[in-house]
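With TSV, C-alpha atoms (C1' of nucleotides) inside, this is model_22.tsv:
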chain	number	residue	atom	x	y	z
A	13	MET	CA	-24.37	28.10	-5.84
A	14	GLU	CA	-22.29	27.54	-8.85
A	15	SER	CA	-19.39	29.16	-7.03
A	16	PHE	CA	-19.35	26.68	-4.17
A	17	VAL	CA	-16.12	25.19	-5.39
A	18	LYS	CA	-14.33	28.50	-5.75
A	19	ASP	CA	-15.67	29.68	-2.43
A	20	THR	CA	-14.50	26.54	-0.68
A	21	LEU	CA	-11.01	27.02	-2.03
A	22	LYS	CA	-10.97	30.68	-1.15
A	23	ASP	CA	-12.24	29.99	2.36
A	24	HIS	CA	-9.27	27.74	2.94
A	25	ASN	CA	-6.75	30.11	1.40
A	26	LEU	CA	-6.13	27.91	-1.57
A	27	ARG	CA	-5.67	29.19	-5.09
A	28	SER	CA	-8.28	28.24	-7.62
A	29	THR	CA	-6.73	25.92	-10.11
A	30	SER	CA	-8.44	23.64	-12.57
A	31	CYS	CA	-7.09	20.56	-10.87
A	32	ARG	CA	-8.48	21.54	-7.49
A	33	GLU	CA	-11.78	22.62	-8.97
A	34	ASP	CA	-12.17	19.43	-10.93
A	35	ILE	CA	-11.36	17.24	-7.95
A	36	LEU	CA	-13.82	19.10	-5.76
A	37	ASP	CA	-16.42	18.84	-8.51
A	38	THR	CA	-15.84	15.12	-8.66
A	39	PHE	CA	-16.40	14.75	-4.94
A	40	LEU	CA	-19.59	16.77	-5.25
A	41	SER	CA	-20.97	14.82	-8.18
A	42	LYS	CA	-20.22	11.38	-6.79
A	43	GLU	CA	-21.70	11.01	-3.36
A	44	VAL	CA	-19.35	8.26	-2.26
A	45	ALA	CA	-15.83	8.06	-0.97
A	46	LEU	CA	-13.23	8.06	-3.73
A	47	SER	CA	-9.77	6.62	-3.93
A	48	HIS	CA	-6.87	8.30	-5.63
A	49	GLY	CA	-7.33	5.83	-8.46
A	50	ASP	CA	-11.02	6.63	-8.82
A	51	ILE	CA	-10.23	10.31	-9.19
A	52	GLU	CA	-7.52	9.58	-11.70
A	53	ASN	CA	-10.01	7.61	-13.75
A	54	TYR	CA	-12.70	10.27	-13.63
A	55	LEU	CA	-10.35	13.07	-14.57
A	56	GLY	CA	-8.51	11.19	-17.29
A	57	GLU	CA	-5.06	12.32	-18.30
A	58	ARG	CA	-5.66	15.94	-17.55
A	59	PHE	CA	-3.47	16.09	-14.48
A	60	ASP	CA	-0.35	14.45	-13.26
A	61	ARG	CA	-0.65	11.65	-10.71
A	62	VAL	CA	1.57	13.59	-8.36
A	63	THR	CA	-0.58	16.67	-8.58
A	64	ILE	CA	-3.63	14.66	-7.60
A	65	TYR	CA	-1.78	13.22	-4.62
A	66	ARG	CA	-0.68	16.66	-3.56
A	67	THR	CA	-4.14	18.08	-4.01
A	68	LEU	CA	-5.64	15.36	-1.84
A	69	LYS	CA	-2.97	15.96	0.77
A	70	THR	CA	-3.70	19.68	0.77
A	71	PHE	CA	-7.44	19.08	1.06
A	72	LEU	CA	-6.81	16.74	3.97
A	73	GLU	CA	-4.69	19.28	5.80
A	74	LYS	CA	-7.26	22.00	5.26
A	75	GLY	CA	-10.07	19.77	6.46
A	76	ILE	CA	-11.93	19.82	3.16
A	77	ILE	CA	-11.86	16.05	2.91
A	78	HIS	CA	-11.10	13.24	5.30
A	79	LYS	CA	-9.72	9.75	4.97
A	80	VAL	CA	-11.95	6.72	4.82
A	81	LEU	CA	-10.30	3.39	5.50
A	82	ASP	CA	-11.33	-0.15	4.82
A	83	ASP	CA	-9.72	-3.48	3.99
A	84	GLU	CA	-9.23	-2.45	0.42
A	85	GLY	CA	-7.35	0.71	1.13
A	86	VAL	CA	-7.66	4.44	1.46
A	87	ARG	CA	-10.47	6.59	0.17
A	88	TYR	CA	-11.44	10.19	0.67
A	89	ALA	CA	-14.73	11.92	1.25
A	90	LEU	CA	-15.89	15.49	1.65
A	91	CYS	CA	-16.26	16.86	5.12
A	92	LYS	CA	-19.79	18.07	4.68
A	93	ASP	CA	-19.91	19.81	8.01
A	94	HIS	CA	-17.22	22.29	7.17
A	95	CYS	CA	-14.50	21.16	9.47
A	96	SER	CA	-11.90	23.85	9.67
A	97	GLU	CA	-8.23	23.49	10.35
A	98	HIS	CA	-8.80	24.30	14.00
A	99	ASP	CA	-12.30	23.15	14.73
A	100	HIS	CA	-12.15	19.76	13.13
A	101	HIS	CA	-14.59	17.36	14.62
A	102	HIS	CA	-13.28	13.92	14.82
A	103	ASP	CA	-16.07	11.43	14.79
A	104	HIS	CA	-16.52	9.70	11.50
A	105	ILE	CA	-18.85	6.89	10.69
A	106	HIS	CA	-18.73	5.19	7.33
A	107	PHE	CA	-20.73	2.47	5.72
A	108	LYS	CA	-19.27	0.16	3.15
A	109	CYS	CA	-21.55	-2.07	1.11
A	110	ILE	CA	-20.09	-5.51	0.63
A	111	GLN	CA	-22.27	-5.95	-2.45
A	112	CYS	CA	-21.70	-2.86	-4.57
A	113	GLY	CA	-18.50	-1.83	-2.86
A	114	GLN	CA	-19.50	1.76	-2.34
A	115	THR	CA	-18.56	3.58	0.81
A	116	ASN	CA	-20.29	6.64	2.15
A	117	CYS	CA	-20.53	8.74	5.26
A	118	LEU	CA	-23.49	8.32	7.53
A	119	ALA	CA	-23.80	11.94	8.54
A	120	ASN	CA	-26.91	11.62	10.64
A	121	VAL	CA	-25.75	8.70	12.68
A	122	HIS	CA	-23.61	9.38	15.70
A	123	ILE	CA	-21.33	7.00	17.50
A	124	PRO	CA	-22.58	6.10	20.97
A	125	ALA	CA	-20.26	6.70	23.88
A	126	VAL	CA	-17.74	3.94	24.44
A	127	GLN	CA	-16.62	2.96	27.90
A	128	LEU	CA	-12.83	2.85	27.78
A	129	PRO	CA	-10.61	1.09	30.32
A	130	ASP	CA	-8.86	3.24	32.91
A	131	GLY	CA	-6.12	5.45	31.64
A	132	TYR	CA	-7.23	5.62	28.02
A	133	ARG	CA	-8.26	8.98	26.67
A	134	ALA	CA	-10.02	9.22	23.32
A	135	ASN	CA	-9.57	12.05	20.86
A	136	GLU	CA	-11.02	10.67	17.69
A	137	LEU	CA	-13.45	7.92	16.80
A	138	ASN	CA	-13.65	6.20	13.49
A	139	LEU	CA	-16.30	3.61	12.88
A	140	LEU	CA	-16.54	1.53	9.75
A	141	ILE	CA	-19.67	-0.53	9.31
A	142	GLN	CA	-19.73	-3.13	6.60
A	143	GLY	CA	-22.93	-4.67	5.35
A	144	ARG	CA	-25.55	-4.04	2.71
A	145	CYS	CA	-26.78	-0.67	1.63
A	146	PRO	CA	-30.45	0.04	0.88
A	147	ALA	CA	-29.89	-0.34	-2.86
A	148	CYS	CA	-28.40	-3.81	-2.44
A	149	ASN	CA	-30.78	-5.31	0.08
B	15	MET	CA	1.70	-24.34	26.63
B	16	GLU	CA	4.89	-24.28	24.73
B	17	SER	CA	3.10	-25.94	21.85
B	18	PHE	CA	0.50	-23.22	21.43
B	19	VAL	CA	2.05	-22.17	18.15
B	20	LYS	CA	2.18	-25.63	16.68
B	21	ASP	CA	-1.32	-26.37	17.91
B	22	THR	CA	-2.68	-23.22	16.37
B	23	LEU	CA	-1.21	-24.13	13.03
B	24	LYS	CA	-2.45	-27.68	13.24
B	25	ASP	CA	-5.92	-26.56	14.24
B	26	HIS	CA	-6.12	-24.55	11.06
B	27	ASN	CA	-4.71	-27.25	8.82
B	28	LEU	CA	-1.51	-25.41	8.22
B	29	ARG	CA	1.88	-27.06	8.05
B	30	SER	CA	4.38	-26.12	10.72
B	31	THR	CA	7.14	-24.16	9.13
B	32	SER	CA	9.71	-21.98	10.78
B	33	CYS	CA	8.39	-18.89	9.09
B	34	ARG	CA	4.87	-19.41	10.35
B	35	GLU	CA	6.07	-20.33	13.81
B	36	ASP	CA	8.33	-17.31	14.05
B	37	ILE	CA	5.62	-14.95	12.88
B	38	LEU	CA	3.14	-16.37	15.37
B	39	ASP	CA	5.75	-16.11	18.09
B	40	THR	CA	6.30	-12.50	17.19
B	41	PHE	CA	2.62	-11.73	17.50
B	42	LEU	CA	2.56	-13.47	20.87
B	43	SER	CA	5.58	-11.69	22.25
B	44	LYS	CA	4.59	-8.21	21.12
B	45	GLU	CA	1.16	-7.36	22.35
B	46	VAL	CA	0.46	-4.75	19.73
B	47	ALA	CA	-0.65	-4.77	16.13
B	48	LEU	CA	2.23	-5.26	13.69
B	49	SER	CA	2.73	-4.17	10.13
B	50	HIS	CA	4.42	-6.25	7.51
B	51	GLY	CA	7.42	-4.03	7.91
B	52	ASP	CA	7.52	-4.52	11.67
B	53	ILE	CA	7.57	-8.25	11.22
B	54	GLU	CA	10.28	-8.02	8.61
B	55	ASN	CA	12.38	-6.02	11.05
B	56	TYR	CA	11.88	-8.41	13.94
B	57	LEU	CA	12.65	-11.49	11.90
B	58	GLY	CA	15.62	-10.05	10.07
B	59	GLU	CA	16.68	-11.60	6.81
B	60	ARG	CA	15.58	-15.07	7.66
B	61	PHE	CA	12.61	-15.10	5.32
B	62	ASP	CA	11.72	-13.64	2.01
B	63	ARG	CA	9.46	-10.62	1.91
B	64	VAL	CA	7.03	-12.52	-0.27
B	65	THR	CA	6.84	-15.40	2.16
B	66	ILE	CA	5.90	-13.04	4.94
B	67	TYR	CA	3.18	-11.51	2.80
B	68	ARG	CA	1.85	-14.93	1.94
B	69	THR	CA	1.98	-16.05	5.54
B	70	LEU	CA	0.01	-13.02	6.66
B	71	LYS	CA	-2.51	-13.62	3.92
B	72	THR	CA	-2.91	-17.23	4.97
B	73	PHE	CA	-3.32	-16.29	8.61
B	74	LEU	CA	-5.95	-13.75	7.62
B	75	GLU	CA	-7.91	-16.29	5.62
B	76	LYS	CA	-7.77	-18.79	8.45
B	77	GLY	CA	-8.88	-16.23	10.98
B	78	ILE	CA	-5.70	-16.42	13.02
B	79	ILE	CA	-5.08	-12.70	12.63
B	80	HIS	CA	-7.16	-9.75	11.51
B	81	LYS	CA	-6.41	-6.46	9.86
B	82	VAL	CA	-6.09	-3.27	11.82
B	83	LEU	CA	-6.36	-0.05	9.85
B	84	ASP	CA	-5.40	3.49	10.59
B	85	ASP	CA	-4.19	6.55	8.74
B	86	GLU	CA	-0.71	5.18	8.57
B	87	GLY	CA	-1.56	1.92	6.94
B	88	VAL	CA	-2.30	-1.71	7.54
B	89	ARG	CA	-1.37	-3.71	10.59
B	90	TYR	CA	-2.27	-7.14	11.85
B	91	ALA	CA	-3.18	-8.49	15.24
B	92	LEU	CA	-3.97	-11.89	16.66
B	93	CYS	CA	-7.59	-12.90	16.95
B	94	LYS	CA	-7.42	-13.83	20.61
B	95	ASP	CA	-10.88	-15.26	20.72
B	96	HIS	CA	-10.17	-18.02	18.28
B	97	CYS	CA	-12.24	-16.94	15.39
B	98	SER	CA	-12.58	-19.82	13.00
B	99	GLU	CA	-13.04	-19.69	9.28
B	100	HIS	CA	-16.77	-20.13	9.72
B	101	ASP	CA	-17.55	-18.64	13.06
B	102	HIS	CA	-15.66	-15.43	12.73
B	103	HIS	CA	-16.99	-12.71	14.91
B	104	HIS	CA	-16.81	-9.40	13.29
B	105	ASP	CA	-16.65	-6.67	15.86
B	106	HIS	CA	-13.24	-5.21	16.30
B	107	ILE	CA	-12.26	-2.28	18.41
B	108	HIS	CA	-8.76	-0.89	18.28
B	109	PHE	CA	-6.99	1.83	20.12
B	110	LYS	CA	-4.14	3.77	18.61
B	111	CYS	CA	-2.02	5.99	20.78
B	112	ILE	CA	-1.14	9.25	19.05
B	113	GLN	CA	1.87	9.61	21.34
B	114	CYS	CA	3.71	6.29	21.16
B	115	GLY	CA	2.05	5.13	17.96
B	116	GLN	CA	1.15	1.69	19.27
B	117	THR	CA	-2.11	0.10	18.33
B	118	ASN	CA	-3.80	-2.66	20.24
B	119	CYS	CA	-7.10	-4.43	20.49
B	120	LEU	CA	-9.46	-3.55	23.28
B	121	ALA	CA	-10.82	-7.01	23.85
B	122	ASN	CA	-12.98	-6.22	26.84
B	123	VAL	CA	-14.72	-3.23	25.33
B	124	HIS	CA	-17.68	-3.83	23.12
B	125	ILE	CA	-19.18	-1.52	20.56
B	126	PRO	CA	-22.57	-0.20	21.56
B	127	ALA	CA	-25.44	-0.75	19.16
B	128	VAL	CA	-25.64	1.80	16.39
B	129	GLN	CA	-28.95	2.95	15.01
B	130	LEU	CA	-28.67	2.69	11.24
B	131	PRO	CA	-30.95	4.44	8.76
B	132	ASP	CA	-33.64	2.36	7.08
B	133	GLY	CA	-32.48	-0.20	4.61
B	134	TYR	CA	-28.95	-0.58	5.91
B	135	ARG	CA	-27.95	-3.93	7.29
B	136	ALA	CA	-24.71	-4.30	9.24
B	137	ASN	CA	-22.49	-7.36	9.17
B	138	GLU	CA	-19.28	-6.12	10.65
B	139	LEU	CA	-18.24	-3.26	12.86
B	140	ASN	CA	-14.79	-1.82	13.05
B	141	LEU	CA	-14.04	0.93	15.49
B	142	LEU	CA	-10.73	2.75	15.66
B	143	ILE	CA	-10.23	5.03	18.63
B	144	GLN	CA	-7.28	7.38	18.60
B	145	GLY	CA	-6.04	9.08	21.71
B	146	ARG	CA	-3.59	8.48	24.50
B	147	CYS	CA	-2.87	5.15	26.08
B	148	PRO	CA	-2.33	4.69	29.85
B	149	ALA	CA	1.43	4.69	29.44
B	150	CYS	CA	1.41	8.04	27.64
B	151	ASN	CA	-1.08	9.95	29.75
C	18	DT	C1'	1.29	44.46	-16.20
C	19	DA	C1'	4.90	43.35	-13.01
C	20	DT	C1'	5.97	40.77	-9.05
C	21	DC	C1'	5.66	37.53	-5.66
C	22	DT	C1'	4.09	33.26	-4.34
C	23	DT	C1'	2.07	29.01	-5.07
C	24	DC	C1'	0.99	25.10	-7.95
C	25	DT	C1'	2.10	21.83	-11.52
C	26	DG	C1'	4.60	18.43	-14.31
C	27	DC	C1'	8.44	15.66	-14.85
C	28	DA	C1'	11.80	12.46	-13.33
C	29	DA	C1'	13.36	9.66	-10.05
C	30	DC	C1'	12.71	7.01	-6.19
C	31	DA	C1'	10.65	4.33	-2.10
C	32	DA	C1'	7.38	1.40	-0.10
C	33	DT	C1'	3.93	-1.96	-0.48
C	34	DG	C1'	1.82	-5.75	-2.48
C	35	DT	C1'	1.20	-9.56	-6.25
C	36	DT	C1'	2.19	-13.53	-9.57
C	37	DG	C1'	4.59	-17.53	-11.83
C	38	DC	C1'	7.65	-20.98	-11.49
C	39	DA	C1'	11.32	-24.09	-9.99
C	40	DT	C1'	13.07	-25.95	-5.68
C	41	DT	C1'	12.61	-27.45	-1.03
C	42	DA	C1'	10.32	-28.95	3.08
C	43	DT	C1'	6.34	-31.09	5.46
C	44	DT	C1'	3.04	-34.62	6.02
C	45	DA	C1'	0.91	-39.00	5.74
C	46	DA	C1'	1.19	-43.63	4.09
C	47	DT	C1'	3.86	-47.49	3.25
D	12	DA	C1'	12.84	-45.07	7.63
D	13	DT	C1'	11.50	-44.22	2.87
D	14	DT	C1'	8.68	-42.62	-0.38
D	15	DA	C1'	5.07	-40.11	-2.71
D	16	DA	C1'	1.92	-36.39	-2.69
D	17	DT	C1'	1.16	-31.94	-1.44
D	18	DA	C1'	2.12	-27.52	0.25
D	19	DA	C1'	5.40	-23.76	1.34
D	20	DT	C1'	9.42	-21.10	0.09
D	21	DG	C1'	12.66	-18.19	-2.54
D	22	DC	C1'	13.64	-15.71	-6.47
D	23	DA	C1'	12.69	-12.69	-10.20
D	24	DA	C1'	9.79	-9.77	-12.19
D	25	DC	C1'	6.14	-6.74	-12.06
D	26	DA	C1'	2.09	-3.65	-10.43
D	27	DT	C1'	0.33	-0.24	-7.45
D	28	DT	C1'	0.67	3.37	-4.33
D	29	DG	C1'	2.85	7.16	-2.45
D	30	DT	C1'	6.91	10.68	-1.90
D	31	DT	C1'	10.58	14.29	-3.03
D	32	DG	C1'	13.29	17.88	-5.60
D	33	DC	C1'	13.36	21.07	-8.88
D	34	DA	C1'	12.40	24.00	-12.92
D	35	DG	C1'	8.79	26.16	-15.30
D	36	DA	C1'	3.82	27.77	-15.42
D	37	DA	C1'	-0.08	29.88	-13.50
D	38	DG	C1'	-2.69	32.49	-9.83
D	39	DA	C1'	-3.18	36.51	-6.78
D	40	DT	C1'	-2.13	41.14	-5.55
D	41	DA	C1'	-0.98	45.85	-6.18
Can you dump the structure from the file as C-alpha cells?
Amino acid sequence: MESFVKDTLKDHNLRSTSCREDILDTFLSKEVALSHGDIENYLGERFDRVTIYRTLKTFLEKGIIHKVLDDEGVRYALCKDHCSEHDHHHDHIHFKCIQCGQTNCLANVHIPAVQLPDGYRANELNLLIQGRCPACN
Amino acid sequence: MESFVKDTLKDHNLRSTSCREDILDTFLSKEVALSHGDIENYLGERFDRVTIYRTLKTFLEKGIIHKVLDDEGVRYALCKDHCSEHDHHHDHIHFKCIQCGQTNCLANVHIPAVQLPDGYRANELNLLIQGRCPACN
DNA sequence: TATCTTCTGCAACAATGTTGCATTATTAAT
DNA sequence: ATTAATAATGCAACATTGTTGCAGAAGATA
C-alpha cells in the first residue's frame, strides 16, 4: 500500500505533514534502528532539528516507534506489531552487531520467562544482545 | 576491609587519588546504579566535572563498573563479581523500579538461553526489567 | 474558503560528554 | 627523604544531544 504512511498517521490521529511522512518513510526503507542523527542525515536540511525531535517524541507517545538503547546511545525503531497507545506490548529484543554496528529488532524471538526474586514485579522487558549478525559472520 | 577501595585501585593498576576513592566509596555506600549527575551531587564541588567523567571512563575500561541503560539515560554500577579487563563476563540484568526510579543489578538472577535465528552469534546479553521493586509494591 | 487546531521553525537554553594543555599529585627508585 | 618519571587533575573551550516558548505556517473540518 502506498498509503501506509498516511494511514498510520491517520490511525494515530496525527496530521499528515511532510516531516512525519518522510521520517516514517525513512524507517520503512531502512530496516534498522535509527538515531536522531541518522534521520537528520538522511533527510538533509529539509526540517529543523527540533521538529525531528518532536516528531520522534510524538511517534514514541503514539506507539509508532520505540526506543532502542545500547552503549552508544538512543535509537528508534518501528513497532511492527502495531502497538497502540493502550495496548502496547512491552517486550523488546534487539540485536546489535559489533562489527557493522547495525541494530535491529528480532521480532520472532521471544524472551524466556525470568525468575525474579520475591517482591519484584515486572512490567516490561528489554533485552539487548550484542554479537555478530549473519552478514558479518 | 577498610582498604577495599585502595586494593581495588591497586589491583587495576590505578593510582589512588581522592577522586577515585570517593567515587568508589559512593558506589559502595549507595547500592543502586548512579548517573554522572548523581555522583556530582553526592561529591559536591570537590572535583571537576571532567575529572568525574574521566574517572568513570577509566573504571569502565578497567571493568570496575559497567554501564546501565534505560530510557532516562546512562548510569553506572559496580561489577561485583570482579570482572577483569580480560575475563569480563558479559551478562547483565538490571531492574528499574518505575515507582521510585532506582535501578539495581540482579546479581542472583541469570538470563535464560535465547534461541537466536540462524547466523546470529551472541557475545553479550543485557536485560533491563522495568516494574516495581519490593519496597514499592 | 473560513476557522480552528496543530505543527513547524527559530532562538535560546540546558544537559551531557569530549579534547588539549599546563599544573599538580602519585609512585617507584635512588 | 628526595628526586625523576609518569599519571591524574583542573580549566577552558567546544561538540553533541535534547528541551522550551512563541510567532507564523500548514492541515483538517465544515
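With only C-alpha atoms (C1' of nucleotides) taken into account, chain B has Arg29, Ser30, Thr31 and Tyr67 of chain B at most 8 Å from chain C.
With all atoms listed in the file as the basis for measurement, D:DT31 is the residue among D:DA15, D:DT31, D:DA26, D:DG21 that approaches chain A most closely.
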Proximal residues of chain B relative to chain A (all atoms listed in the file; 12 Å) as an MDAnalysis selection string: chainID B and resid 74 80:90 104:113 118:151
Test item: chain D residues at most 10 Å from chain A, counting all atoms listed in the file, as an MDAnalysis selection string: chainID D and resid 27:30 37:39
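Interatomic distance, atom CA of A:Lys74 to atom C1' of D:DT40: 22.6 Å.
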Taking all atoms of stretch 22-41 of chain D that the file lists, what box with edges along x, y and z, padded by 4 Å per side, do you get, with centre and edge lengths in Å to one decimal, as JSON?
{"center_x": 5.2, "center_y": 15.1, "center_z": -8.7, "size_x": 24.8, "size_y": 69.6, "size_z": 21.5}
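Put simply, atom CA of B:Gly77 is 8.7 Å away from atom CA of B:Leu92.
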Residue nearest A:Tyr54 - candidates A:Leu68, A:Leu40, A:Lys22, A:Ile35, atoms counted: all atoms listed in the file: A:Ile35
Interatomic distance (Å, one decimal) between atom CA of A:Asn25 and atom CA of A:Asn53: 27.3 Å
So that I can look at just that part, could you write stretch 42-111 of chain A with C-alpha atoms, as a PDB file, in the first residue's frame?
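Saved as part-v5.pdb:
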ATOM      1  CA  LYS A  42      15.988   1.288   6.370  1.00  0.00           C
ATOM      2  CA  GLU A  43      15.273  -1.847   8.291  1.00  0.00           C
ATOM      3  CA  VAL A  44      17.446  -0.945  11.252  1.00  0.00           C
ATOM      4  CA  ALA A  45      17.097   1.226  14.298  1.00  0.00           C
ATOM      5  CA  LEU A  46      17.913   4.868  13.631  1.00  0.00           C
ATOM      6  CA  SER A  47      19.228   7.607  15.840  1.00  0.00           C
ATOM      7  CA  HIS A  48      18.103  11.190  15.678  1.00  0.00           C
ATOM      8  CA  GLY A  49      21.367  11.951  13.927  1.00  0.00           C
ATOM      9  CA  ASP A  50      20.842   9.227  11.336  1.00  0.00           C
ATOM     10  CA  ILE A  51      17.462  10.664  10.453  1.00  0.00           C
ATOM     11  CA  GLU A  52      18.882  14.148  10.244  1.00  0.00           C
ATOM     12  CA  ASN A  53      21.489  12.889   7.807  1.00  0.00           C
ATOM     13  CA  TYR A  54      19.019  11.031   5.627  1.00  0.00           C
ATOM     14  CA  LEU A  55      16.603  13.920   5.430  1.00  0.00           C
ATOM     15  CA  GLY A  56      19.199  16.617   4.891  1.00  0.00           C
ATOM     16  CA  GLU A  57      18.347  20.188   5.735  1.00  0.00           C
ATOM     17  CA  ARG A  58      14.700  19.866   4.950  1.00  0.00           C
ATOM     18  CA  PHE A  59      13.500  20.027   8.524  1.00  0.00           C
ATOM     19  CA  ASP A  60      14.556  21.682  11.696  1.00  0.00           C
ATOM     20  CA  ARG A  61      16.385  19.602  14.293  1.00  0.00           C
ATOM     21  CA  VAL A  62      13.713  20.471  16.822  1.00  0.00           C
ATOM     22  CA  THR A  63      10.940  19.297  14.558  1.00  0.00           C
ATOM     23  CA  ILE A  64      12.624  15.934  14.168  1.00  0.00           C
ATOM     24  CA  TYR A  65      12.961  15.617  17.931  1.00  0.00           C
ATOM     25  CA  ARG A  66       9.329  16.493  18.396  1.00  0.00           C
ATOM     26  CA  THR A  67       8.237  14.109  15.691  1.00  0.00           C
ATOM     27  CA  LEU A  68      10.157  11.262  17.305  1.00  0.00           C
ATOM     28  CA  LYS A  69       8.653  12.139  20.659  1.00  0.00           C
ATOM     29  CA  THR A  70       5.168  12.128  19.186  1.00  0.00           C
ATOM     30  CA  PHE A  71       5.754   8.793  17.468  1.00  0.00           C
ATOM     31  CA  LEU A  72       7.008   7.362  20.745  1.00  0.00           C
ATOM     32  CA  GLU A  73       3.941   8.520  22.634  1.00  0.00           C
ATOM     33  CA  LYS A  74       1.632   7.121  19.995  1.00  0.00           C
ATOM     34  CA  GLY A  75       3.433   3.800  19.972  1.00  0.00           C
ATOM     35  CA  ILE A  76       4.513   4.064  16.351  1.00  0.00           C
ATOM     36  CA  ILE A  77       8.163   3.666  17.272  1.00  0.00           C
ATOM     37  CA  HIS A  78      10.021   2.545  20.357  1.00  0.00           C
ATOM     38  CA  LYS A  79      13.386   3.314  21.868  1.00  0.00           C
ATOM     39  CA  VAL A  80      16.368   1.073  21.365  1.00  0.00           C
ATOM     40  CA  LEU A  81      19.244   1.539  23.766  1.00  0.00           C
ATOM     41  CA  ASP A  82      22.845   0.495  23.663  1.00  0.00           C
ATOM     42  CA  ASP A  83      26.205   1.752  24.875  1.00  0.00           C
ATOM     43  CA  GLU A  84      26.379   4.253  22.094  1.00  0.00           C
ATOM     44  CA  GLY A  85      23.094   5.914  22.807  1.00  0.00           C
ATOM     45  CA  VAL A  86      19.470   6.070  21.825  1.00  0.00           C
ATOM     46  CA  ARG A  87      17.945   4.801  18.626  1.00  0.00           C
ATOM     47  CA  TYR A  88      14.413   4.296  17.444  1.00  0.00           C
ATOM     48  CA  ALA A  89      12.696   1.536  15.542  1.00  0.00           C
ATOM     49  CA  LEU A  90       9.229   0.935  14.177  1.00  0.00           C
ATOM     50  CA  CYS A  91       6.816  -1.040  16.272  1.00  0.00           C
ATOM     51  CA  LYS A  92       5.927  -3.525  13.593  1.00  0.00           C
ATOM     52  CA  ASP A  93       3.209  -5.151  15.603  1.00  0.00           C
ATOM     53  CA  HIS A  94       1.045  -2.081  15.776  1.00  0.00           C
ATOM     54  CA  CYS A  95       1.287  -1.269  19.407  1.00  0.00           C
ATOM     55  CA  SER A  96      -1.410   1.196  20.268  1.00  0.00           C
ATOM     56  CA  GLU A  97      -1.398   3.796  22.965  1.00  0.00           C
ATOM     57  CA  HIS A  98      -3.328   1.476  25.239  1.00  0.00           C
ATOM     58  CA  ASP A  99      -2.368  -1.988  24.164  1.00  0.00           C
ATOM     59  CA  HIS A 100       1.351  -1.536  23.969  1.00  0.00           C
ATOM     60  CA  HIS A 101       3.212  -4.739  24.427  1.00  0.00           C
ATOM     61  CA  HIS A 102       6.357  -4.311  26.301  1.00  0.00           C
ATOM     62  CA  ASP A 103       8.812  -6.986  25.417  1.00  0.00           C
ATOM     63  CA  HIS A 104      11.528  -5.851  23.106  1.00  0.00           C
ATOM     64  CA  ILE A 105      14.518  -7.776  21.963  1.00  0.00           C
ATOM     65  CA  HIS A 106      17.212  -6.123  19.908  1.00  0.00           C
ATOM     66  CA  PHE A 107      20.370  -7.334  18.310  1.00  0.00           C
ATOM     67  CA  LYS A 108      23.337  -5.098  17.798  1.00  0.00           C
ATOM     68  CA  CYS A 109      26.179  -6.226  15.567  1.00  0.00           C
ATOM     69  CA  ILE A 110      29.550  -5.308  17.000  1.00  0.00           C
ATOM     70  CA  GLN A 111      31.032  -5.497  13.509  1.00  0.00           C
TER      71      GLN A 111
END
